Structure formats: C-alpha cells, structure tokens
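Worksheet for the structure shown next.
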Amino acid sequence: QAQAQAQAASAEPPRYARVHTPCVNPKSVSLDRLYGAFGAASREWTDGVLATLFRTCATAPAPDSFWLMVDGPVDAMWIESLNTVLDDNKKLCLNSGEIIAMSPRMRLVFETGDLAAASPATVSRCGMVFVEPDALGWRPLWEAWLPHD
C-alpha cells in the first residue's frame, strides 16, 4: 500500500484541466423551463434547464472547468434574470429563493447574432468579441455541418 501511495504521489499531474462546454439555447424553451417554476397544483419547485446546468457546473469537483455556453438570440425576458450572475456577485438567484454561486472554474459565454434586445446594464457587464461574418469565410460553416464523433 505504501508503494502504491508513493507511485501515486510521484505521478505527474495532468498538464491541463478538462474544460466542459455545456450549451443551451434560451429561446428553445419557456422561461419556466429555462430557470424553473413552482407547479400550479403542487406548489413544488422544479428546476429549469439553465438552473440544472448552472448547479452542475458550480458543484463539479476540481480541476475540471466549465464554460456554460448560452447560444441563441438575446431577449430581455431571460437575459435580465442573469444580471446577478454577470455582476460582481456571480450568483444565480432563482424564484424558489435558492442562490447558486458560480465557482472560480466557471465561465458564462454568450453567442448571439446581435445585442438589439439587451439593455445597457447587461451589455456593460459582459466582455464583447465581435467577428465579421465575412472574415470567417465558408470553411467554418462547412465544418460545423460535418458529422462529429
């Protein structure tokens, strides 16, 4: 047993942590299914897709990192609920009263076509990277449609 512990201690740690990139399209579901809601009859809380992903990423063991991708059009209805995540608090506040804090290994990445529906408060909390569609050419579109293993 001592020899196994010595070998494990001398084993080289991995050079890089794994980065998981779960993705959600916020416009593909209703707000209740995105964040969660209380049942009409039972009054029991049911987590939404984003709340479940956020909690999974926040509580995952180290050293894995998570880049939670929010891929879809920006809508004032769902983006405003993320303002507490985007400010210095970095906490998702659900209507159930639960507050889920982002872990230091979490990042929130938005991929959108435009910011026409985003408020100045939301835009000011995010770092922006703009890529001209003409600068990409046809190859990234072609590769996106190729089957992946």
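Chain labels follow the order of the structure tokens: the first chain is A, the next B, and so on; residue numbering restarts at 1 in every chain, and ligands are counted from 1 in their shown order.
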Please list as a list in words every residue within 8 Å of Trp45 (chain A), counting only C-alpha atoms and excluding residues in the same chain fewer than 5 positions away.
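Here the qualifying residues turn out to be Gly36, Ala37, Phe38, Gly39 and Ser96 of chain A.
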Write out as a PyMOL selection string which residues come within 7 Å of region 66-83 of chain A when counting only C-alpha atoms, dropping same-chain ones fewer than 5 positions away.
chain A and resi 19-27+31+57+92+105-113+115+117-118+122
Do a neighbour search on Pro63 (chain A) at 9 Å with only C-alpha atoms, toss out local chain neighbours closer than 3 positions, and write the hits as a ChimeraX atom specification.
/A:16-18,60,105
If we count only C-alpha atoms, what is near Thr52 (chain A) at a cut-off of 12 Å, once residues fewer than 2 positions away on the same chain are taken out, given as a PyMOL selection string?
chain A and resi 22+24+33-36+46-50+54-59+68+92+94+100
For CA of Ser119 (chain A) and CA of Met102 (chain A), determine how far apart the two atoms are, in Å to one decimal place.
22.4 Å
Based on DSSP run over this structure's backbone, return all residues of chain A in strand (DSSP E), as a CSV table (one decimal) with N, CA, C and O atoms, in the first residue's frame.
chain,number,residue,atom,x,y,z
A,19,VAL,N,-12.0,21.0,-19.9
A,19,VAL,CA,-12.9,22.1,-20.0
A,19,VAL,C,-14.2,21.5,-20.6
A,19,VAL,O,-14.2,21.1,-21.8
A,20,HIS,N,-15.3,21.5,-19.9
A,20,HIS,CA,-16.6,21.1,-20.4
A,20,HIS,C,-17.3,22.3,-20.9
A,20,HIS,O,-17.3,23.4,-20.4
A,23,CYS,N,-24.1,23.5,-23.5
A,23,CYS,CA,-24.7,24.5,-24.3
A,23,CYS,C,-26.2,24.5,-24.2
A,23,CYS,O,-26.8,23.4,-24.1
A,24,VAL,N,-26.8,25.7,-24.1
A,24,VAL,CA,-28.3,25.8,-24.0
A,24,VAL,C,-28.7,27.0,-24.9
A,24,VAL,O,-28.0,28.0,-25.0
A,36,GLY,N,-36.8,27.5,-14.1
A,36,GLY,CA,-37.6,26.7,-13.1
A,36,GLY,C,-38.8,27.4,-12.7
A,36,GLY,O,-39.0,28.6,-12.9
A,37,ALA,N,-39.7,26.6,-12.1
A,37,ALA,CA,-41.0,27.2,-11.6
A,37,ALA,C,-41.7,26.4,-10.6
A,37,ALA,O,-41.3,25.2,-10.4
A,38,PHE,N,-42.6,27.0,-9.9
A,38,PHE,CA,-43.4,26.2,-8.9
A,38,PHE,C,-44.6,25.6,-9.7
A,38,PHE,O,-45.2,26.2,-10.6
A,45,TRP,N,-41.3,23.2,-6.3
A,45,TRP,CA,-40.3,23.8,-7.2
A,45,TRP,C,-39.7,22.7,-8.1
A,45,TRP,O,-39.3,21.7,-7.7
A,46,THR,N,-39.6,23.1,-9.4
A,46,THR,CA,-39.0,22.2,-10.4
A,46,THR,C,-37.9,23.0,-11.1
A,46,THR,O,-38.2,24.1,-11.7
A,47,ASP,N,-36.7,22.6,-11.1
A,47,ASP,CA,-35.6,23.3,-11.7
A,47,ASP,C,-35.7,23.3,-13.2
A,47,ASP,O,-36.2,22.4,-13.8
A,65,SER,N,-13.0,22.5,-15.5
A,65,SER,CA,-13.6,23.8,-15.7
A,65,SER,C,-14.8,23.7,-16.6
A,65,SER,O,-15.0,22.7,-17.3
A,66,PHE,N,-15.7,24.7,-16.5
A,66,PHE,CA,-16.9,24.7,-17.2
A,66,PHE,C,-17.1,26.0,-17.9
A,66,PHE,O,-17.1,27.0,-17.2
A,67,TRP,N,-17.4,26.0,-19.2
A,67,TRP,CA,-17.7,27.2,-19.9
A,67,TRP,C,-19.2,26.9,-20.4
A,67,TRP,O,-19.4,26.2,-21.3
A,68,LEU,N,-20.1,27.5,-19.7
A,68,LEU,CA,-21.5,27.3,-19.9
A,68,LEU,C,-21.9,28.2,-21.1
A,68,LEU,O,-21.8,29.5,-21.0
A,69,MET,N,-22.2,27.6,-22.3
A,69,MET,CA,-22.5,28.3,-23.5
A,69,MET,C,-24.0,28.6,-23.6
A,69,MET,O,-24.8,27.7,-23.5
A,70,VAL,N,-24.3,29.9,-23.7
A,70,VAL,CA,-25.7,30.3,-24.0
A,70,VAL,C,-25.8,30.8,-25.4
A,70,VAL,O,-25.3,31.9,-25.7
A,71,ASP,N,-26.3,29.9,-26.3
A,71,ASP,CA,-26.3,30.1,-27.7
A,71,ASP,C,-27.6,30.4,-28.2
A,71,ASP,O,-28.5,29.5,-28.3
A,91,LYS,N,-23.9,35.2,-8.8
A,91,LYS,CA,-24.8,34.3,-8.2
A,91,LYS,C,-26.1,34.2,-9.0
A,91,LYS,O,-26.6,35.3,-9.4
A,92,LEU,N,-26.6,33.0,-9.3
A,92,LEU,CA,-27.9,32.9,-10.0
A,92,LEU,C,-28.9,32.8,-8.9
A,92,LEU,O,-28.9,31.9,-8.0
A,93,CYS,N,-29.9,33.8,-8.9
A,93,CYS,CA,-30.9,33.8,-7.9
A,93,CYS,C,-32.2,33.3,-8.6
A,93,CYS,O,-32.7,33.9,-9.5
A,99,ILE,N,-30.0,30.4,-4.1
A,99,ILE,CA,-29.0,31.2,-4.7
A,99,ILE,C,-27.8,30.2,-5.0
A,99,ILE,O,-27.3,29.6,-4.1
A,100,ILE,N,-27.4,30.2,-6.3
A,100,ILE,CA,-26.3,29.3,-6.7
A,100,ILE,C,-25.1,30.2,-7.1
A,100,ILE,O,-25.2,30.9,-8.1
A,101,ALA,N,-24.0,30.1,-6.4
A,101,ALA,CA,-22.9,30.9,-6.7
A,101,ALA,C,-22.0,30.2,-7.8
A,101,ALA,O,-21.9,29.0,-7.8
A,106,MET,N,-15.8,28.4,-13.4
A,106,MET,CA,-16.9,28.5,-14.3
A,106,MET,C,-16.8,29.8,-15.1
A,106,MET,O,-16.3,30.8,-14.6
A,107,ARG,N,-17.3,29.7,-16.4
A,107,ARG,CA,-17.4,30.9,-17.2
A,107,ARG,C,-18.7,30.8,-17.9
A,107,ARG,O,-19.2,29.7,-18.2
A,108,LEU,N,-19.3,32.0,-18.2
A,108,LEU,CA,-20.5,32.1,-18.9
A,108,LEU,C,-20.2,32.7,-20.2
A,108,LEU,O,-19.7,33.8,-20.3
A,109,VAL,N,-20.5,32.1,-21.4
A,109,VAL,CA,-20.2,32.6,-22.7
A,109,VAL,C,-21.5,32.7,-23.5
A,109,VAL,O,-22.3,31.7,-23.6
A,110,PHE,N,-21.8,33.9,-24.0
A,110,PHE,CA,-23.0,34.1,-24.8
A,110,PHE,C,-22.5,34.2,-26.3
A,110,PHE,O,-21.6,34.9,-26.6
A,111,GLU,N,-23.3,33.4,-27.1
A,111,GLU,CA,-23.0,33.5,-28.6
A,111,GLU,C,-24.3,33.9,-29.2
A,111,GLU,O,-25.3,33.2,-29.1
All helix (DSSP H, G or I) positions in chain A, as an MDAnalysis selection string
chainID A and resid 2:10 26:28 31:35 49:59 76:86 120:124 133:136 139:144
